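Contents: one structure, followed by commentary.
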4 protein chains.
Amino acid sequence: MTTAVKTNTTMKTFEELESAVRSYSRSWPTVFKKAKGYKLWDEDGNEYIDFFAGAGTLNYGHNDEKMQEKIIEYIRNDGIIHSLDMGTPPRKEFLERFNEVILTPRNLDYKIMFPGPTGTNTVESALKIARKVTGRDTVVSFTNAFHGMTIGSLSVTGNSFKRKGAGIPLHHTVSMPFDDYVEDQDSIVYLEKFLEDSGSGVALPAAIILETVQGEGGINASRMEWLKKIESLCKQWDILLIIDDVQAGNGRTGTFFSFEPAGINPDVVCLSKSIGGFGLPMAITLIKPEYDQWGPGEHNGTFRGNNLAFIAATEALSNWETDEFSNTVQEKSILLSRAVEMIIEKYPQLKGEARGRGLMQGIAVDVAGLAEEICAEAFTRGLIIETSGPDDEVVKFLPPLIIDREGLEKGLEILEDSIKHVLA
Amino acid sequence: MTTAVKTNTTMKTFEELESAVRSYSRSWPTVFKKAKGYKLWDEDGNEYIDFFAGAGTLNYGHNDEKMQEKIIEYIRNDGIIHSLDMGTPPRKEFLERFNEVILTPRNLDYKIMFPGPTGTNTVESALKIARKVTGRDTVVSFTNAFHGMTIGSLSVTGNSFKRKGAGIPLHHTVSMPFDDYVEDQDSIVYLEKFLEDSGSGVALPAAIILETVQGEGGINASRMEWLKKIESLCKQWDILLIIDDVQAGNGRTGTFFSFEPAGINPDVVCLSKSIGGFGLPMAITLIKPEYDQWGPGEHNGTFRGNNLAFIAATEALSNWETDEFSNTVQEKSILLSRAVEMIIEKYPQLKGEARGRGLMQGIAVDVAGLAEEICAEAFTRGLIIETSGPDDEVVKFLPPLIIDREGLEKGLEILEDSIKHVLA
Amino acid sequence: MTTAVKTNTTMKTFEELESAVRSYSRSWPTVFKKAKGYKLWDEDGNEYIDFFAGAGTLNYGHNDEKMQEKIIEYIRNDGIIHSLDMGTPPRKEFLERFNEVILTPRNLDYKIMFPGPTGTNTVESALKIARKVTGRDTVVSFTNAFHGMTIGSLSVTGNSFKRKGAGIPLHHTVSMPFDDYVEDQDSIVYLEKFLEDSGSGVALPAAIILETVQGEGGINASRMEWLKKIESLCKQWDILLIIDDVQAGNGRTGTFFSFEPAGINPDVVCLSKSIGGFGLPMAITLIKPEYDQWGPGEHNGTFRGNNLAFIAATEALSNWETDEFSNTVQEKSILLSRAVEMIIEKYPQLKGEARGRGLMQGIAVDVAGLAEEICAEAFTRGLIIETSGPDDEVVKFLPPLIIDREGLEKGLEILEDSIKHVLA
Amino acid sequence: MTTAVKTNTTMKTFEELESAVRSYSRSWPTVFKKAKGYKLWDEDGNEYIDFFAGAGTLNYGHNDEKMQEKIIEYIRNDGIIHSLDMGTPPRKEFLERFNEVILTPRNLDYKIMFPGPTGTNTVESALKIARKVTGRDTVVSFTNAFHGMTIGSLSVTGNSFKRKGAGIPLHHTVSMPFDDYVEDQDSIVYLEKFLEDSGSGVALPAAIILETVQGEGGINASRMEWLKKIESLCKQWDILLIIDDVQAGNGRTGTFFSFEPAGINPDVVCLSKSIGGFGLPMAITLIKPEYDQWGPGEHNGTFRGNNLAFIAATEALSNWETDEFSNTVQEKSILLSRAVEMIIEKYPQLKGEARGRGLMQGIAVDVAGLAEEICAEAFTRGLIIETSGPDDEVVKFLPPLIIDREGLEKGLEILEDSIKHVLA
């Protein structure tokens, strides 16, 4: 592949007409034409294995055939495409299926809100309802959290480059240390002290918001014990617990919700990305009935009725009718864990550290710039994989959940070749 | 139609499973199944004329056949559905066509940003870049402005119910009187004085953001002269002018951009809703090249690469290759204006006032609750039409631009019948 | 007088050791040694007439003999000097005398708070209690208001140079047009509209704070009718009315409180400057009993028990036992008004405009820099007088209230000479 | 003493006329008439030993005779009492003496600013200049810090009761753990990590502000090593270090500045309380010349020229011409430390913990309400002593520095009797 030449011709349109804000078309300078399952092909016919999955949006892979069919059929029948929050059959079916397949079996009781079809929208709605319900303004978030780019979500996001992008100071939030943030210091003890001590300078918060596994922040997985303690603090102090499961949810870590193994029961849950099944914009906010104190239209949005997304989303829920899908994800997770450990051991020059859980894992590379080089090399060899973390120091494995053993192994092989090449 | 019974059975799912925040499914309690052009049908086969157009998202009507075909073909060929800001053929084609059909003929030079696929996302990106470029924090917005529901956009929105929903005070913004806000007082003189006087208590703003016709705020159309003066103040004080054309753009007022008749050249333009052509989530932010000072990824979002939307958007641009489409919209606008004037004159009990321009018009009804009653009655008679304004006092006409004379007349007839019924 | 030489020797200590923030020692570069009544003398024996009165702190002139005696006697007897808010005889006597001489005769019922001994402290306490009592955060202030330099007070101050000095954006406040701010536009209509319209973007405020005559902002005197309308709006909307009478109170405009002629009854009144009688730091906040909802110590300050100030303050209240003092101030005000009018008429080159009322008057000079030149010249001729207004465009007359006719005429004579000299 | 009866008669004026915000007149319900050295007497002739010293304002005791004389002489000679920042002999002498006696011998190079005569004023000026100089908005303060009651100072204060009093959320600040805040966790490691990690969610601050010994927050003394590390972090990250020495300075801990033993060189130092020597309102801000970037008058205040305070302040500086004064304070500190240790050991029911250093010590009593009871009992026995800490859990020893051995022992005796009585 001749990336240089490509940039000069293929990428010209993007370089000339698009804003300087574009990013992925810089890392992967090609035009992707086709995709199926865990593979992509560009205009020149080059094939790529996908260890990126639309940043967690394509858990069910590209172009699932059942979803394709249902969407096409719906369009053919002149189904309502755009409906705000009017009633439509796809909206109704999604509500019913989600309740039946996801909530009821897990003994979860939530009202389902359609807050606008993006991750940042569900987070903004979660912050609003927590503040409204409690009458408090502060929200506690964690170091290296990522919750979105609009001002409300950005205020609970840790990354300083993104925060500076706001152009204004970000208020009404307090950043606390995530699990295992400072070596040998217990972040729970710390948070607890700030809550208990009336002289701490930190007001009783409306909510604590967190990702159980921080996706953009470096694939930092919190321990189940830590999550339980957070929930317990929330109960003790009457603070709402918001789980942002936009990236870690939808089966990414092996269970539908990432917090299931902890046995906790969050007050608000944010879902987006793969909830739409097919890659179409969609988001929902789950709110405990007692906290669903919205006035009609108090939070709204033009695209909260994306019916094509509802159709694919409903289809995607079929994967959760039995434990099979979940089990295969967990099996593949073990494969991936072993590979990660093997790489770290085999290439000590990486000064690698294993991160994450489920099919959301990473290798933190403690050599400046190296993780980025590895991912760049992998692209030229046919693997789509990106970095994560405050200094782009983590190689982030995020394959579609439907990837088969062969695909996983092939991708890992390309990655290892890339590491060898870069270290050489 | 037996709305009461319907509510008890058909709407049960929404009432029981969905959040209390839902709104349109309360005003129009039915399940919409099918839609074509300017018509919708519900599950029971009732037909509705659409004077709402997805709150301005369906300017090109429902289920345009060419768009349907192209989308279906793309899906069938396993085209990339979700691409963030990676290069894809639909993204490339949209960029090129938008430049060729819209920007170049109007002598406009903008970089095109994909900020996430919703209106509030383009507004948030516009506010950010204005603050970054100027190093200032304040943004001036106007009374009864509506720019979106995330904290940044909400801070420049006037509606107090929506603002309170934030649960926190909204900062870094100053609300100034829109054109013709206070009778016999010139809002430009007022704004000018605040800018000039170093003791005014209002800091030099980063930007002024406005809708040329305020959609949610009551179909308040600013005069072209007023827009010119605002642009002139912006130039004089080195303030960025942001036009939020999310609702009034895409031909809604007769020209592609709503500000064209004023001959102004905004620094930043926000487009969403009908830019996607088919009702699929999409938004773009147009930024003058000298202000396109983003770092890569400084503002991002998972769904900024909605390829199905790009395909329909590109198809929709065909309407703008000649002046024909624009001319027909302007002709229908005249029809609508006349009807509005006729109604106001014929039904003095409405204490009606004509509002708006193009196919974005309204009748402000100066009797508390009456506008809402009229729209509710219209629904039972087969017309989808909503209210607008701080007290829901404006009956808002927003038909698809592709509506034919017959459809327009039929809708207006239902409206008049509804008025008669309600006044009786 | 040889100012230049003086600067080189006399002012050396200040120039070398003091912060660049110093200001008056720049305008009046000498060392003042002695003062009595309305006169000052510097180290070199030069005499100055005082048209400045410590920026309104020395309404009763310098070194009133009765105050001197009482203070000296108290010190000699080892009276408690510093007492925070402990009980002391001077605190007790002040409370009783203020109630008896000022509040009771005016049918005013206020609780008296000692908030710390400076103007900004009383303002901060007023803002706090208004927000606490109403549970709202926004405070409406006016263009060209000056309320102090600490962050709370600064946020309701108009001057952009001072505001920028905060180094942070100032929140929770809205700046509205003061009386007669924009020619031919009624600022009350404007404010009313913003309060009434639920889409105005301005939240219902906790309080409206104002100076009836803006001292630093350009000696802008509001009309009594305007004040009445403001009070009426406050009552209608359940907003607290705070009058900052720090500079305009204590008899400055002819009555003890500046708002007396308007017949209004503010909810909170801020007093400082001349309340201490002798020039010693002191401030009080008057709060209607129903709003005195402080917890003990909720606002405090080390120097809120300045007993020497209480002694002088109590002595100063003797001036208010009869109407005599008030009458003489009003007589002198008429003299001053005539002089101001005469000057404006006689020197059209000034493009002068009369400002203010009582012994708080000014000439707005519509020629850039001229007011400052006049005041600088006056200093060299033995008159202490300063400028005011956002562009230092107003020559500000603020003589001690106890000045006699001779002193007033002598000062005005020097001023006229200075004008002649500068215009020549 | 019959406190109950007293309240009914003596305190009537305060109860009826003063605001509910009053606090000390509740704890010590009497009228203090006379004071000398370390003793006070009330109207009924009861004598009290002073272990409170005006909350640290009366380090040099009550009514020092030299100060009395000089002040009386100045008043007798009609010296300028109130001068804003005009040149006067007392201001000049203070500047020169402070430079000569305090700064020069300690090799400190600071510009001296008069920011208004209260502690909160010097803190507000320090925060402003740090933000101006760095162009950053965030200031780091510490848990249980107390810096004042105006909005700027309150935003860096930890106490939640005081913070809530603001009635608005407090912004632009981050609260970090003070030295030894959480058992076995190193607060420096924690702060360092937040500064280093670009994903921490905490922006690079303009300044770090701290009290070396937290007065109101519970007499928490930081270790010298901790102070050195804080200074080192400030240097590394180009953050301004502000020491608020309002209570701990002026010799309170044995050296003029409390930070001298740490050998650090803060960028800004805040002094108030005892800087005025006699209990009169005064404050100064010391700013390194390179950071003295104020515009003239950018921060100002009416009472920044309190000449009586300057005279006493200059006299007070005489104590610092030799080491003698400092040495006697340190000797008395040892006495006090021993007594504190003895009490803790002798009365294990107190669950006492020793706090503080110099003549700023405390006993943290780990039994709810007990410290307050002890101080209340001490008052009835003739000792003025108050509590401190977020839950008023610390008995706070703050005698005048000039107290003699006899006075110290007598006070400690009364305290021990009170403890016995309360425990019985």
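Residue names in the structure tokens use chain letters A, B, ... in the order shown, residue numbers from 1 in each chain, and ligand numbers from 1 in the order shown.
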Select, as a PDB file with N, CA, C and O atoms, in the first residue's frame, those residues of chain C with any atom no more than 12 Å from chain A (distances computed using only C-alpha atoms).
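Result file follows (part.pdb):
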ATOM      1  N   GLY C 135     -33.589  31.519  47.496  1.00  0.00           N
ATOM      2  CA  GLY C 135     -33.181  30.282  46.833  1.00  0.00           C
ATOM      3  C   GLY C 135     -32.871  30.465  45.363  1.00  0.00           C
ATOM      4  O   GLY C 135     -32.782  29.503  44.611  1.00  0.00           O
ATOM      5  N   GLY C 167      -9.830  38.277  36.885  1.00  0.00           N
ATOM      6  CA  GLY C 167      -9.077  37.151  36.317  1.00  0.00           C
ATOM      7  C   GLY C 167      -9.947  35.931  36.065  1.00  0.00           C
ATOM      8  O   GLY C 167      -9.456  34.897  35.615  1.00  0.00           O
ATOM      9  N   ILE C 168     -11.213  36.029  36.378  1.00  0.00           N
ATOM     10  CA  ILE C 168     -12.177  34.948  36.116  1.00  0.00           C
ATOM     11  C   ILE C 168     -13.466  35.576  35.603  1.00  0.00           C
ATOM     12  O   ILE C 168     -13.764  36.727  35.912  1.00  0.00           O
ATOM     13  N   PRO C 169     -14.233  34.810  34.807  1.00  0.00           N
ATOM     14  CA  PRO C 169     -15.546  35.322  34.415  1.00  0.00           C
ATOM     15  C   PRO C 169     -16.422  35.501  35.659  1.00  0.00           C
ATOM     16  O   PRO C 169     -16.300  34.737  36.620  1.00  0.00           O
ATOM     17  N   LEU C 170     -17.264  36.524  35.645  1.00  0.00           N
ATOM     18  CA  LEU C 170     -18.107  36.826  36.799  1.00  0.00           C
ATOM     19  C   LEU C 170     -19.532  36.375  36.509  1.00  0.00           C
ATOM     20  O   LEU C 170     -20.107  36.755  35.486  1.00  0.00           O
ATOM     21  N   HIS C 171     -20.086  35.570  37.403  1.00  0.00           N
ATOM     22  CA  HIS C 171     -21.338  34.887  37.123  1.00  0.00           C
ATOM     23  C   HIS C 171     -22.495  35.319  38.017  1.00  0.00           C
ATOM     24  O   HIS C 171     -22.325  36.068  38.934  1.00  0.00           O
TER      25      HIS C 171
END
Please identify every residue of range 183-286 of chain C that has at least one atom no farther than 9 Å from an atom of range 146-164 of chain C, counting only C-alpha atoms, and for each give the shortest atom pair and the distance in Å to one decimal, arranged by chain then increasing number, as a tab-separated table.
residue	atom	partner	partner_atom	distance
C:Ile209	CA	C:Val156	CA	8.0
C:Leu210	CA	C:His147	CA	8.6
C:Glu211	CA	C:Phe146	CA	8.1
C:Gln214	CA	C:Phe146	CA	7.2
C:Gly215	CA	C:Phe146	CA	7.4
C:Glu216	CA	C:Phe146	CA	6.1
C:Gly217	CA	C:Phe146	CA	6.5
C:Asp244	CA	C:His147	CA	7.3
C:Val246	CA	C:His147	CA	8.6
With all heavy atoms retained, write the just-selected residues as a PDB file, in the first residue's frame.
ATOM      1  N   ILE C 209     -30.005  45.128  42.794  1.00  0.00           N
ATOM      2  CA  ILE C 209     -29.155  45.992  43.612  1.00  0.00           C
ATOM      3  C   ILE C 209     -28.862  47.265  42.840  1.00  0.00           C
ATOM      4  O   ILE C 209     -28.587  47.220  41.639  1.00  0.00           O
ATOM      5  CB  ILE C 209     -27.848  45.287  44.034  1.00  0.00           C
ATOM      6  CG1 ILE C 209     -27.054  46.179  45.002  1.00  0.00           C
ATOM      7  CG2 ILE C 209     -26.988  44.895  42.855  1.00  0.00           C
ATOM      8  CD1 ILE C 209     -25.910  45.455  45.698  1.00  0.00           C
ATOM      9  N   LEU C 210     -28.927  48.395  43.530  1.00  0.00           N
ATOM     10  CA  LEU C 210     -28.653  49.660  42.833  1.00  0.00           C
ATOM     11  C   LEU C 210     -28.196  50.749  43.781  1.00  0.00           C
ATOM     12  O   LEU C 210     -28.454  50.699  44.988  1.00  0.00           O
ATOM     13  CB  LEU C 210     -29.909  50.115  42.081  1.00  0.00           C
ATOM     14  CG  LEU C 210     -31.160  50.465  42.884  1.00  0.00           C
ATOM     15  CD1 LEU C 210     -31.146  51.964  43.268  1.00  0.00           C
ATOM     16  CD2 LEU C 210     -32.401  50.180  42.039  1.00  0.00           C
ATOM     17  N   GLU C 211     -27.487  51.698  43.212  1.00  0.00           N
ATOM     18  CA  GLU C 211     -27.185  52.971  43.878  1.00  0.00           C
ATOM     19  C   GLU C 211     -28.178  53.990  43.313  1.00  0.00           C
ATOM     20  O   GLU C 211     -28.319  54.077  42.088  1.00  0.00           O
ATOM     21  CB  GLU C 211     -25.773  53.454  43.531  1.00  0.00           C
ATOM     22  CG  GLU C 211     -24.666  52.451  43.787  1.00  0.00           C
ATOM     23  CD  GLU C 211     -23.561  52.581  42.731  1.00  0.00           C
ATOM     24  OE1 GLU C 211     -23.753  51.995  41.624  1.00  0.00           O
ATOM     25  OE2 GLU C 211     -22.544  53.250  42.966  1.00  0.00           O
ATOM     26  N   GLN C 214     -25.271  56.916  41.097  1.00  0.00           N
ATOM     27  CA  GLN C 214     -24.062  56.108  40.878  1.00  0.00           C
ATOM     28  C   GLN C 214     -22.819  56.972  41.039  1.00  0.00           C
ATOM     29  O   GLN C 214     -22.586  57.881  40.232  1.00  0.00           O
ATOM     30  CB  GLN C 214     -24.106  55.503  39.481  1.00  0.00           C
ATOM     31  CG  GLN C 214     -25.277  54.537  39.299  1.00  0.00           C
ATOM     32  CD  GLN C 214     -25.263  53.858  37.943  1.00  0.00           C
ATOM     33  OE1 GLN C 214     -24.952  54.504  36.929  1.00  0.00           O
ATOM     34  NE2 GLN C 214     -25.606  52.586  37.912  1.00  0.00           N
ATOM     35  N   GLY C 215     -22.030  56.653  42.086  1.00  0.00           N
ATOM     36  CA  GLY C 215     -20.869  57.490  42.397  1.00  0.00           C
ATOM     37  C   GLY C 215     -19.707  57.304  41.442  1.00  0.00           C
ATOM     38  O   GLY C 215     -19.286  58.239  40.752  1.00  0.00           O
ATOM     39  N   GLU C 216     -19.205  56.068  41.358  1.00  0.00           N
ATOM     40  CA  GLU C 216     -18.042  55.819  40.505  1.00  0.00           C
ATOM     41  C   GLU C 216     -18.442  55.767  39.031  1.00  0.00           C
ATOM     42  O   GLU C 216     -17.623  55.997  38.151  1.00  0.00           O
ATOM     43  CB  GLU C 216     -17.373  54.495  40.888  1.00  0.00           C
ATOM     44  CG  GLU C 216     -16.941  54.403  42.337  1.00  0.00           C
ATOM     45  CD  GLU C 216     -16.070  55.577  42.727  1.00  0.00           C
ATOM     46  OE1 GLU C 216     -15.013  55.765  42.102  1.00  0.00           O
ATOM     47  OE2 GLU C 216     -16.464  56.334  43.649  1.00  0.00           O
ATOM     48  N   GLY C 217     -19.705  55.462  38.785  1.00  0.00           N
ATOM     49  CA  GLY C 217     -20.171  55.233  37.414  1.00  0.00           C
ATOM     50  C   GLY C 217     -20.467  56.500  36.634  1.00  0.00           C
ATOM     51  O   GLY C 217     -20.891  56.433  35.472  1.00  0.00           O
ATOM     52  N   ASP C 244     -27.681  50.041  47.662  1.00  0.00           N
ATOM     53  CA  ASP C 244     -26.300  50.256  48.092  1.00  0.00           C
ATOM     54  C   ASP C 244     -26.148  51.758  48.340  1.00  0.00           C
ATOM     55  O   ASP C 244     -25.933  52.522  47.405  1.00  0.00           O
ATOM     56  CB  ASP C 244     -25.345  49.760  47.008  1.00  0.00           C
ATOM     57  CG  ASP C 244     -23.887  50.031  47.367  1.00  0.00           C
ATOM     58  OD1 ASP C 244     -23.632  50.838  48.292  1.00  0.00           O
ATOM     59  OD2 ASP C 244     -23.003  49.459  46.711  1.00  0.00           O
ATOM     60  N   VAL C 246     -23.833  53.119  50.171  1.00  0.00           N
ATOM     61  CA  VAL C 246     -22.495  53.303  50.736  1.00  0.00           C
ATOM     62  C   VAL C 246     -21.977  54.711  50.447  1.00  0.00           C
ATOM     63  O   VAL C 246     -21.457  55.383  51.345  1.00  0.00           O
ATOM     64  CB  VAL C 246     -21.528  52.219  50.194  1.00  0.00           C
ATOM     65  CG1 VAL C 246     -20.082  52.560  50.512  1.00  0.00           C
ATOM     66  CG2 VAL C 246     -21.886  50.853  50.776  1.00  0.00           C
TER      67      VAL C 246
END
Surrounding residues of Ser418 in chain B excluding itself and chain neighbours under 4 positions, 8 Å, only C-alpha atoms, as a compact mmCIF listing (two decimals) with N, CA and C atoms, in the first residue's frame:
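The file below, selection_4.txt, is the result:
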# COMPACT_ATOMS: atom_id res chain seq x y z
N ILE B 374 -56.52 24.68 19.27
CA ILE B 374 -56.67 24.60 17.81
C ILE B 374 -55.84 23.45 17.25
N CYS B 375 -54.58 23.35 17.70
CA CYS B 375 -53.72 22.29 17.18
C CYS B 375 -54.21 20.91 17.61
N GLU B 377 -57.33 20.08 18.18
CA GLU B 377 -58.50 19.81 17.34
C GLU B 377 -58.06 19.41 15.93
N ALA B 378 -57.05 20.11 15.41
CA ALA B 378 -56.56 19.81 14.05
C ALA B 378 -56.09 18.36 13.96
N ARG B 381 -58.71 15.96 13.34
CA ARG B 381 -59.24 16.12 11.99
C ARG B 381 -58.23 15.75 10.90
N ILE B 414 -58.39 22.22 6.92
CA ILE B 414 -58.58 21.53 8.21
C ILE B 414 -58.32 22.50 9.35
N VAL B 422 -63.25 25.30 17.51
CA VAL B 422 -62.77 25.72 18.82
C VAL B 422 -63.41 27.03 19.24
Need to verify the contact set: Pro205 in chain B, 6 Å, only C-alpha atoms, exclusion of same-chain residues closer than 2 positions in sequence. Can you return it as an mmCIF file with N, CA, C and O atoms, in the first residue's frame?
data_model
loop_
_atom_site.group_PDB
_atom_site.id
_atom_site.type_symbol
_atom_site.label_atom_id
_atom_site.label_comp_id
_atom_site.auth_asym_id
_atom_site.auth_seq_id
_atom_site.Cartn_x
_atom_site.Cartn_y
_atom_site.Cartn_z
ATOM 1 N N THR B 138 -17.677 35.139 26.887
ATOM 2 C CA THR B 138 -19.095 35.489 26.777
ATOM 3 C C THR B 138 -19.621 35.287 25.356
ATOM 4 O O THR B 138 -18.951 35.610 24.385
ATOM 5 N N VAL B 139 -20.841 34.769 25.255
ATOM 6 C CA VAL B 139 -21.527 34.726 23.972
ATOM 7 C C VAL B 139 -22.865 35.441 24.140
ATOM 8 O O VAL B 139 -23.577 35.219 25.122
ATOM 9 N N ALA B 203 -19.107 42.070 29.055
ATOM 10 C CA ALA B 203 -17.777 41.958 28.446
ATOM 11 C C ALA B 203 -17.893 41.843 26.927
ATOM 12 O O ALA B 203 -18.913 41.406 26.404
ATOM 13 N N ALA B 207 -18.741 35.841 20.570
ATOM 14 C CA ALA B 207 -19.636 35.640 19.432
ATOM 15 C C ALA B 207 -21.035 36.149 19.729
ATOM 16 O O ALA B 207 -21.416 36.327 20.887
#
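Distances from B:Ala145, B:Ile311, B:Ala283, B:Val269 to Pro89 in chain B were compared using only C-alpha atoms, and the smallest one belongs to B:Ile311.
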Write out as a PDB file with N, CA and C atoms, in the first residue's frame the residues lying within 10 Å of Trp41 in chain B, counting only C-alpha atoms and excluding same-chain residues fewer than 4 positions away.
ATOM      1  N   GLY A  79     -42.003   3.084   5.875  1.00  0.00           N
ATOM      2  CA  GLY A  79     -42.123   3.276   7.331  1.00  0.00           C
ATOM      3  C   GLY A  79     -41.643   4.672   7.722  1.00  0.00           C
ATOM      4  N   ILE A  80     -42.163   5.135   8.865  1.00  0.00           N
ATOM      5  CA  ILE A  80     -41.733   6.462   9.354  1.00  0.00           C
ATOM      6  C   ILE A  80     -40.246   6.415   9.686  1.00  0.00           C
TER       7      ILE A  80
ATOM      8  N   THR B  30     -51.055   8.547  19.001  1.00  0.00           N
ATOM      9  CA  THR B  30     -51.308   7.432  18.097  1.00  0.00           C
ATOM     10  C   THR B  30     -49.963   6.841  17.685  1.00  0.00           C
ATOM     11  N   VAL B  31     -50.017   5.743  16.950  1.00  0.00           N
ATOM     12  CA  VAL B  31     -48.779   5.121  16.477  1.00  0.00           C
ATOM     13  C   VAL B  31     -48.697   5.301  14.966  1.00  0.00           C
ATOM     14  N   PHE B  32     -47.744   6.083  14.538  1.00  0.00           N
ATOM     15  CA  PHE B  32     -47.598   6.390  13.114  1.00  0.00           C
ATOM     16  C   PHE B  32     -46.831   5.269  12.428  1.00  0.00           C
ATOM     17  N   LYS B  33     -47.409   4.759  11.360  1.00  0.00           N
ATOM     18  CA  LYS B  33     -46.829   3.571  10.755  1.00  0.00           C
ATOM     19  C   LYS B  33     -46.122   3.853   9.438  1.00  0.00           C
ATOM     20  N   LYS B  34     -46.684   4.741   8.683  1.00  0.00           N
ATOM     21  CA  LYS B  34     -46.248   4.909   7.300  1.00  0.00           C
ATOM     22  C   LYS B  34     -46.249   6.390   6.960  1.00  0.00           C
ATOM     23  N   ALA B  35     -45.395   6.789   6.027  1.00  0.00           N
ATOM     24  CA  ALA B  35     -45.380   8.191   5.635  1.00  0.00           C
ATOM     25  C   ALA B  35     -44.824   8.309   4.230  1.00  0.00           C
ATOM     26  N   LYS B  36     -45.366   9.234   3.478  1.00  0.00           N
ATOM     27  CA  LYS B  36     -44.875   9.470   2.114  1.00  0.00           C
ATOM     28  C   LYS B  36     -45.131  10.929   1.784  1.00  0.00           C
ATOM     29  N   GLY B  45     -54.855   3.230  10.060  1.00  0.00           N
ATOM     30  CA  GLY B  45     -55.115   3.648   8.693  1.00  0.00           C
ATOM     31  C   GLY B  45     -55.583   5.088   8.569  1.00  0.00           C
ATOM     32  N   ASN B  46     -55.629   5.818   9.667  1.00  0.00           N
ATOM     33  CA  ASN B  46     -55.988   7.234   9.565  1.00  0.00           C
ATOM     34  C   ASN B  46     -54.899   8.008   8.833  1.00  0.00           C
ATOM     35  N   GLU B  47     -55.309   8.935   7.976  1.00  0.00           N
ATOM     36  CA  GLU B  47     -54.350   9.733   7.208  1.00  0.00           C
ATOM     37  C   GLU B  47     -54.199  11.117   7.821  1.00  0.00           C
ATOM     38  N   TYR B  48     -52.984  11.627   7.801  1.00  0.00           N
ATOM     39  CA  TYR B  48     -52.693  12.954   8.341  1.00  0.00           C
ATOM     40  C   TYR B  48     -51.904  13.770   7.330  1.00  0.00           C
ATOM     41  N   ILE B  49     -52.251  15.024   7.223  1.00  0.00           N
ATOM     42  CA  ILE B  49     -51.416  15.953   6.459  1.00  0.00           C
ATOM     43  C   ILE B  49     -50.378  16.521   7.401  1.00  0.00           C
ATOM     44  N   GLY B 382     -57.057  15.253  11.337  1.00  0.00           N
ATOM     45  CA  GLY B 382     -56.108  14.759  10.346  1.00  0.00           C
ATOM     46  C   GLY B 382     -55.046  15.764   9.908  1.00  0.00           C
TER      47      GLY B 382
END
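Residues in contact with Gly61 in chain A at up to 8 Å, not including ones fewer than 6 positions away on its chain and judged by only C-alpha atoms, are Lys36, Gly37, Tyr38, Ala53, Phe278, Pro400, Leu401, Ile402 and Ile403 of chain A.
Non-sequential neighbours of Ile385 in chain B (distance at most 8 Å, separation of 3 or more positions within a chain, only C-alpha atoms) are Asp50, Phe51, Phe52, Cys375, Ala378, Phe379, Val395, Lys396, Phe397 and Leu398 of chain B.
Here the residues within range 192-279 of chain C that DSSP labels alpha helix (DSSP H) on the basis of the backbone are C:Glu192, C:Lys193, C:Phe194, C:Leu195, C:Glu196, C:Met224, C:Glu225, C:Trp226, C:Leu227, C:Lys228, C:Lys229, C:Ile230, C:Glu231, C:Ser232, C:Leu233, C:Cys234, C:Lys235, C:Gln236, C:Trp237.
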Requested in this report: Identify all residues of range 191-250 of chain A in strand (DSSP E) (DSSP on the backbone) and supply them as an MDAnalysis selection string.
Outcome: chainID A and resid 207:210 213:214 220:221 240:244
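Here CA of His82 in chain D is placed at a distance of 8.7 Å from CA of Thr302 in chain D.
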